[in-house]
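All remarks here apply to the structure that follows.
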There are 4 protein chains.
Amino acid sequence: MKALCWFGPGDVRVVEVPKPTLQAGGDVILRVTRAAVCGSDLHLLHGKIPKLAPGTVLGHEFVGVVEEVGLAVSGLQVGQRCAAAMFVACGRCLQCWSGQHPRCSEYAMFGMGDLMGGLAGGQAEYVRVPLADMTLCPIPDAMSDDAALFTGDILATAYTACLQSGIRPGDLVAVVGAGPVGLLTVSCAQLFGAARVFAVDPISERREIARQLGAVPIDPAQGDPAASLRQLTGGSRADVVIEAVGNRETLELAWRLGATGATVALVGILVDEPWPQSAGQAWMRNLTIRTVIGQPYRHRQTLFRLIESGVLQPQSIISQSVPLSQAAEAYAAMDARRTLKAVLRPD
Amino acid sequence: MKALCWFGPGDVRVVEVPKPTLQAGGDVILRVTRAAVCGSDLHLLHGKIPKLAPGTVLGHEFVGVVEEVGLAVSGLQVGQRCAAAMFVACGRCLQCWSGQHPRCSEYAMFGMGDLMGGLAGGQAEYVRVPLADMTLCPIPDAMSDDAALFTGDILATAYTACLQSGIRPGDLVAVVGAGPVGLLTVSCAQLFGAARVFAVDPISERREIARQLGAVPIDPAQGDPAASLRQLTGGSRADVVIEAVGNRETLELAWRLGATGATVALVGILVDEPWPQSAGQAWMRNLTIRTVIGQPYRHRQTLFRLIESGVLQPQSIISQSVPLSQAAEAYAAMDARRTLKAVLRPD
Amino acid sequence: MKALCWFGPGDVRVVEVPKPTLQAGGDVILRVTRAAVCGSDLHLLHGKIPKLAPGTVLGHEFVGVVEEVGLAVSGLQVGQRCAAAMFVACGRCLQCWSGQHPRCSEYAMFGMGDLMGGLAGGQAEYVRVPLADMTLCPIPDAMSDDAALFTGDILATAYTACLQSGIRPGDLVAVVGAGPVGLLTVSCAQLFGAARVFAVDPISERREIARQLGAVPIDPAQGDPAASLRQLTGGSRADVVIEAVGNRETLELAWRLGATGATVALVGILVDEPWPQSAGQAWMRNLTIRTVIGQPYRHRQTLFRLIESGVLQPQSIISQSVPLSQAAEAYAAMDARRTLKAVLRPD
Amino acid sequence: MKALCWFGPGDVRVVEVPKPTLQAGGDVILRVTRAAVCGSDLHLLHGKIPKLAPGTVLGHEFVGVVEEVGLAVSGLQVGQRCAAAMFVACGRCLQCWSGQHPRCSEYAMFGMGDLMGGLAGGQAEYVRVPLADMTLCPIPDAMSDDAALFTGDILATAYTACLQSGIRPGDLVAVVGAGPVGLLTVSCAQLFGAARVFAVDPISERREIARQLGAVPIDPAQGDPAASLRQLTGGSRADVVIEAVGNRETLELAWRLGATGATVALVGILVDEPWPQSAGQAWMRNLTIRTVIGQPYRHRQTLFRLIESGVLQPQSIISQSVPLSQAAEAYAAMDARRTLKAVLRPD
């Protein structure tokens with residue numbers, strides 16, 4: 001079968017690899033009908049994630065149709081259309097019930113290499129899905145693959161970020177970065193009653209989408225965004241700041257956008273970036289800092305309901321849909337920020 | 001001064017009464033600039049609230065300008081524009097901190113007669129406001145009196161109902177009654193991420209406003225609303241039902257609209273109505289029943305923020321604005337359901 | 001094999017029945033090592049639960065050792081010691097994630113007859129456990145069967161009651177009934193910081209155990225318990241009342257023990273009992289009424305931790321341990337309130 | 001009158017200063033009956049807090065009797081025994097209702113110099129208390145001054161830390177430092193159902209008190225406390241870590257005690273200490289970091305109830321009670337860790 005594989009920094013290509021087979025009773029082989037390229041895939045592209053072996057199939061955001069079912073799968077049928085979570089976890093242990101799936105002994109992430117369990121990814125024609133009863137979730141009949149696609153990763157992550165950062169009705173919320181996660185965060189923040197959501201991004205197309213999704217856009221080219229925020233609010237800063245990029249500069253900006261007593265949620269993947277302030281300075285400002293791991297298991301069915309009712313329209317951020325065989329070009333376009341969110345469809 | 005007084009069942013009139021004077025250090029004399037007629041005032045009109053003495057000045061939903069300030073008032077100035085809470089409470093005791101103001105030893109409600117503390121109401125030119133530092137809240141400069149008016153009662157009540165009934169993102173919410181409280185509940189339910197809000201009311205104008213505010217209207221003349229709800233949802237009933245009328249029939253309907261495990265919030269004033277089901281039946285259906293008392297102290301500043309940002313537009317339900325001297329006619333129009341929400345302005 | 005079966009009102013007997021066999025891939029056959037007689041079994045004994053067929057094996061509170069494993073079981077091994085939940089549910093649907101298992105399409109309860117899914121119970125040598133990966137939970141090695149036994153029903157129920165009734169630190173809590181559920185509720189209420197827990201029961205032995213578990217006992221023979229409560233608290237009533245019996249008199253008492261604004265949680269099984277007050281009267285008192293269904297799936301691993309650390313010692317309420325063949329006598333003793341909580345062990 | 005004043009690093013002395021007088025309508029003059037020396041006073045002693053003018057009266061933890069009442073005080077009488085909050089805030093603005101008192105425009109802290117509002121402290125015979133209706137809280141008659149003393153600062157802080165760090169029943173909690181705040185945190189953590197609380201401190205007397213209060217003590221002299229924790233728990237680290245010292249080493253230890261996904265609450269005063277890990281490393285470990293400011297306004301009446309019922313006994317940590325005139329010696333003893341918590345009484 002065809003799959004998008006990583007061969008070294010900057011080098012991803014669609015090549016022929018063996019079709020996966022059932023290995024454990026709980027496995028499902030899923031025929032992939034949509035796979036997204038995620039911002040975190042760009043970290044992989046650049047070789048920033050350790051322990052990634054050349055030839056690894058990438059992709060952790062995908063939906064598809066059940067092709068084969070292991071003996072221990074109780075709730076799924078061949079032919080069923082399903083959304084996958086970005087990771088595998090048992091869903092039954094104390095950690096999973098607490099929403100701390102990375103502490104589950106079964107935890108593994110698709111397409112992230114040996115650092116996270118060595119599971120082949122879903123930017124491929126087929127993918128093996130372990131513990132499929134939990135990992136997969138049937139998609140409602142009337143919902144398109146595109147609408148369901150992000151419930152397994154970036155929509156669940158945006159939702160979890162808003163939930164865990166404790167947005168309360170009336171809050172002023174600032175979102176740093178209007179990429180795919182940032183834009184879905186703009187939508188989700190309104191589910192929790194944010195009075196106003198501000199979205200900072202240097203790219204005008206992204207600010208425009210943010211505006212359409214309900215945010216007040218802030219252009220960093222027009223001056224320090226923290227000053228812009230104060231101007232727009234009559235002197236206030238944000239009660240909750242959600243950092244959805246993950247580099248040193250955006251982290252520093254997130255810090256300055258938050259009011260005394262603010263919660264700063266870190267959604268963008270950080271690897272070794274330093275803090276903008278010392279621990280003592282954060283204490284003096286009474287900050288709360290939450291790092292966020294999305295919880296698709298717990299929230300995707302809630303998200304399905306919100307998509308079905310039209311409150312959320314996550315597919316609106318898809319900027320490009322290309323055949324799997326053109327996946328490398330999609331990576332390049334996303335990496336160059338020429339496209340917002342690329343989706344791969346079967347050839 | 002002029003004031004709307006109750007003289008017996010069905011008999012309210014604007015008459016001349018003495019202008020109130022400061023009686024305790026914490027008092028403020030407020031010159032009323034807007035007073036609303038509340039659904040609960042209609043209970044008073046009909047003599048359904050015990051201990052109401054003829055000559056009582058009615059009205060517990062009003063805003064105005066500080067005219068005189070007692071010696072013990074520390075945070076308010078003459079000339080300041082303020083919104084009043086519908087009740088007086090100390091705001092400092094364990095009960096007030098828990099949001100259970102009726103248990104506060106200082107609790108009294110404006111314009112409800114001796115049953116609730118014997119405090120003269122605000123449908124008048126002036127009103128005495130005890131514990132004014134807590135009872136009054138300055139209105140932001142850019143906010144109109146009409147926009148601020150309902151933060152002291154029905155908007156706070158609608159918001160409290162949604163908060164206490166535990167609406168979670170993705171919930172299906174049914175609101176029984178699209179009167180003033182029901183309509184504001186439709187708006188507030190969306191602050192908590194309701195997937196869909198359904199509003200049941202026999203009056204087509206009210207259903208239309210509900211629709212504009214984001215609800216799916218249900219007309220009881222088109223058949224049993226519980227059947228309509230199931231049809232609209234593909235077989236589901238509501239996760240949360242908010243009863244905003246307060247009579248036997250609407251209570252019975254609320255019960256049937258709720259799913260197994262639902263929360264039914266009772267916002268409409270009930271006096272002696274029976275339960276639609278036995279305790280045993282409610283147990284078998286795993287219902288949670290919450291009776292709701294609005295909490296303006298805790299929530300009005302949050303509501304101010306949501307009004308300032310345009311997320312809430314409570315003034316949109318005002319159907320009629322008349323001079324104080326025509327207050328009796330406004331009562332009659334509301335009682336006949338010829339008008340939705342009448343507001344009194346100075347002559 | 002031997003099993004305790006119901007043959008008609010008042011008639012339960014241990015008889016020989018066929019040993020259960022695997023019927024679906026997700027099944028486990030469990031060799032029962034401990035089964036408890038639950039208060040709700042007494043409702044069955046008396047024929048108060050409809051649709052109960054003669055010959056039904058009773059028992060929904062049990063632990064055991066995995067004897068046989070279906071093909072679709074992924075997380076359990078033969079020989080593993082496990083605690084069962086009182087019911088079966090998929091654990092993955094929106095309802096299960098919301099803790100509303102009775103709305104799950106797979107919901108069935110052990111040993112309750114056709115009203116609740118027709119699943120044979122665990123007061124037997126063996127029991128078939130569907131969806132075993134979710135229904136069963138491995139018991140920590142150092143924990144005795146007796147200590148783990150109640151996590152599947154009454155301890156989970158007591159815990160859920162305290163959680164859902166919203167006990168906050170400093171609250172005054174009244175528990176009506178110091179039977180097995182009431183006593184565990186006394187323990188659990190302290191996990192949420194109750195300032196004082198009051199336990200009402202007419203049986204002195206039960207009051208004494210309540211006292212040992214941290215409650216202030218109240219003897220109804222010494223006068224109206226509501227008066228006793230006010231005397232013990234200097235005039236206050238309870239912020240939270242938990243009714244753990246389930247008859248008309250105890251329901252009525254629960255109502256009177258609660259303060260204005262109280263939450264009354266109904267844990268005792270109610271079938272058709274009337275409300276102590278009208279809906280209108282409950283509204284005037286600002287009550288919240290929660291009916292409680294225990295959530296073993298979500299909470300049993302938390303409970304394991306609390307048992308392991310010694311904070312909870314649920315086995316302390318076991319008053320009698322008898323061989324399975326004497327189960328009918330155990331029913332009789334519990335029904336006559338001659339024993340508090342009887343446990344059945346293998347012959 | 002006599003008061004403990006700061007004159008420079010290491011130099012505090014009891015000297016004669018003018019007795020305070022009423023300056024605003026909301027003021028009360030309180031005759032101090034107990035004042036504590038707080039750990040944060042030692043920061044002042046050493047000159048670590050900027051903008052501290054020589055001659056400043058210190059002390060922000062005190063109780064007393066109302067001596068004089070301003071014209072705008074509505075709820076307090078001369079002769080009333082009251083506990084003070086450590087800070088002044090209006091208690092009515094959006095920030096105060098959100099528990100973010102430092103953002104209130106009236107915010108000022110007693111005895112901390114010009115950095116925090118320049119309010120004279122309570123280690124004196126008398127102290128002026130602004131906004132006294134909110135700042136002071138009457139002490140229940142049966143409660144001693146010593147029992148009530150810490151509700152205005154360290155007990156409220158310990159309680160707020162446990163609440164805000166989200167301790168859930170069953171959690172493993174580690175407290176770094178068994179000084180006054182750490183020990184009260186040990187008590188408060190049990191109000192939220194901690195399965196086990198571990199307390200790390202090098203001083204054996206403090207570990208012994210921690211043990212009496214319910215903690216498992218850990219002695220850093222016996223090896224790395226993080227290794228000891230894993231050994232005591234069979235390999236687990238803490239779900240919640242509460243850092244109650246505030247220096248670089250204890251901060252570093254707190255980090256290592258927390259599990260993946262842990263919440264680390266910072267209660268100890270930090271000024272310019274660096275983080276133990278980079279932002280990226282904290283993200284990889286999925287940490288939540290909360291800095292804690294105690295909320296006496298919101299919680300002290302809850303704390304009163306818990307003290308009245310005997311659940312909390314904060315006075316048990318008082319190690320020394322000396323006359324005000326010996327306050328400098330008390331500072332020296334606390335600074336040298338020769339005494340745990342010194343309390344000043346009138347001469």
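Residue numbering restarts at 1 for every chain of the structure tokens, chains are lettered A, B, ... in their displayed order, and ligands are numbered from 1 as they appear.
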Strand (DSSP E or B) call set, DSSP backbone run, region 176-328 of chain A, as a VMD selection string: chain A and resid 176 196 to 200 216 to 218 238 to 243 258 to 266 288 to 291 320 to 323
Residue neighbourhood region 100-116 of chain C, 9 Å, only C-alpha atoms, exclusion window fewer than 5 positions, as a ChimeraX atom specification: /B:259-261,286 /C:41,44,49-53,56-61,85-91,93-95,121-123,129,131,293,295
Non-local contacts of region 14-25 of chain D (7 Å; only C-alpha atoms; under 6 positions in same chain excluded) as JSON, numbers by chain: {"B": [72, 74], "D": [1, 2, 3, 4, 5, 70, 71, 72, 73, 126, 127, 128, 325, 327, 328]}
Just need the residues of chain A within 9 Å of chain D, counting only C-alpha atoms, so spit them out as a compact mmCIF listing (two decimals) with N, CA and C atoms, in the first residue's frame.
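What ended up in part05.txt:
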# COMPACT_ATOMS: atom_id res chain seq x y z
N GLN A 100 -5.78 11.38 32.15
CA GLN A 100 -4.32 11.43 32.03
C GLN A 100 -3.83 10.22 31.26
N PRO A 102 -1.61 9.75 28.94
CA PRO A 102 -0.18 9.44 28.79
C PRO A 102 0.38 8.60 29.93
N ARG A 103 -0.31 8.52 31.07
CA ARG A 103 0.16 7.68 32.16
C ARG A 103 -0.37 6.25 32.06
N GLY A 246 3.72 27.50 19.98
CA GLY A 246 4.76 26.67 20.56
C GLY A 246 6.17 27.08 20.22
N LEU A 251 5.39 32.18 23.16
CA LEU A 251 5.31 31.91 24.59
C LEU A 251 5.50 33.22 25.35
N ALA A 259 -3.49 38.82 32.30
CA ALA A 259 -3.64 39.71 33.44
C ALA A 259 -3.03 39.06 34.68
N THR A 260 -2.85 39.85 35.72
CA THR A 260 -2.55 39.27 37.03
C THR A 260 -3.63 38.24 37.34
N GLY A 261 -3.22 37.08 37.79
CA GLY A 261 -4.20 36.05 38.12
C GLY A 261 -4.67 35.23 36.93
N THR A 263 -4.86 32.54 33.75
CA THR A 263 -4.43 31.19 33.39
C THR A 263 -3.84 31.23 32.00
N LEU A 266 -0.94 26.12 27.63
CA LEU A 266 0.06 25.86 26.60
C LEU A 266 -0.38 24.66 25.78
N VAL A 267 -0.84 24.94 24.57
CA VAL A 267 -1.32 23.90 23.68
C VAL A 267 -0.29 23.59 22.61
N ILE A 269 3.01 22.60 20.90
CA ILE A 269 4.02 21.65 21.36
C ILE A 269 5.32 22.37 21.69
N LEU A 270 5.77 22.18 22.91
CA LEU A 270 7.03 22.77 23.36
C LEU A 270 8.00 21.64 23.66
N VAL A 271 9.23 21.86 23.34
CA VAL A 271 10.20 20.81 23.59
C VAL A 271 11.23 21.25 24.61
N ASP A 272 11.86 22.37 24.38
CA ASP A 272 12.89 22.79 25.32
C ASP A 272 12.91 24.31 25.48
N GLU A 273 11.80 24.95 25.16
CA GLU A 273 11.76 26.41 25.21
C GLU A 273 11.83 26.88 26.66
N PRO A 274 12.51 28.00 26.89
CA PRO A 274 12.61 28.54 28.25
C PRO A 274 11.34 29.30 28.62
N TRP A 275 11.17 29.55 29.92
CA TRP A 275 10.05 30.34 30.40
C TRP A 275 10.31 31.83 30.14
N PRO A 276 9.27 32.58 29.87
CA PRO A 276 9.45 34.02 29.69
C PRO A 276 9.78 34.75 30.99
N GLN A 277 9.36 34.19 32.12
CA GLN A 277 9.63 34.82 33.39
C GLN A 277 10.12 33.76 34.36
N SER A 278 10.74 34.22 35.44
CA SER A 278 11.16 33.29 36.48
C SER A 278 9.93 32.77 37.24
N ALA A 279 10.15 31.71 38.01
CA ALA A 279 9.06 31.18 38.85
C ALA A 279 8.60 32.25 39.83
N GLY A 280 9.57 33.00 40.36
CA GLY A 280 9.21 34.05 41.31
C GLY A 280 8.35 35.12 40.68
N GLN A 281 8.67 35.48 39.44
CA GLN A 281 7.86 36.51 38.77
C GLN A 281 6.45 35.98 38.47
N ALA A 282 6.37 34.72 38.07
CA ALA A 282 5.04 34.13 37.83
C ALA A 282 4.23 34.12 39.12
N TRP A 283 4.90 33.85 40.23
CA TRP A 283 4.21 33.85 41.52
C TRP A 283 3.70 35.26 41.85
N MET A 284 4.55 36.25 41.63
CA MET A 284 4.14 37.62 41.93
C MET A 284 2.93 38.02 41.09
N ARG A 285 2.82 37.48 39.90
CA ARG A 285 1.68 37.80 39.03
C ARG A 285 0.52 36.83 39.23
N ASN A 286 0.68 35.89 40.13
CA ASN A 286 -0.39 34.93 40.47
C ASN A 286 -0.91 34.17 39.25
N LEU A 287 0.02 33.74 38.41
CA LEU A 287 -0.37 33.01 37.20
C LEU A 287 -0.65 31.54 37.48
N THR A 288 -1.52 30.98 36.68
CA THR A 288 -1.70 29.53 36.61
C THR A 288 -1.30 29.10 35.21
N ILE A 289 -0.48 28.07 35.14
CA ILE A 289 0.01 27.59 33.85
C ILE A 289 -0.44 26.15 33.66
N ARG A 290 -1.17 25.92 32.59
CA ARG A 290 -1.64 24.56 32.31
C ARG A 290 -1.07 24.09 30.99
N THR A 291 -0.44 22.94 31.01
CA THR A 291 -0.05 22.34 29.74
C THR A 291 -1.17 21.38 29.36
N VAL A 292 -1.47 21.34 28.08
CA VAL A 292 -2.70 20.68 27.65
C VAL A 292 -2.41 19.49 26.73
N ILE A 293 -2.97 18.36 27.06
CA ILE A 293 -2.99 17.19 26.19
C ILE A 293 -4.46 16.95 25.85
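Distances from A:Ala238, A:Cys82, A:Leu340, A:Leu42 to Ser321 (chain A) were compared using only C-alpha atoms, and the smallest one belongs to A:Leu340.
For the pair CA of Leu76 (chain B) and CA of Gln80 (chain D), the interatomic distance is 26.5 Å.
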CA of Ser319 (chain A) to CA of Glu125 (chain A), straight-line distance in Å: 21.6 Å
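If you look at CA of Ala142 (chain A) and CA of Leu30 (chain A), they are 20.0 Å away from each other.
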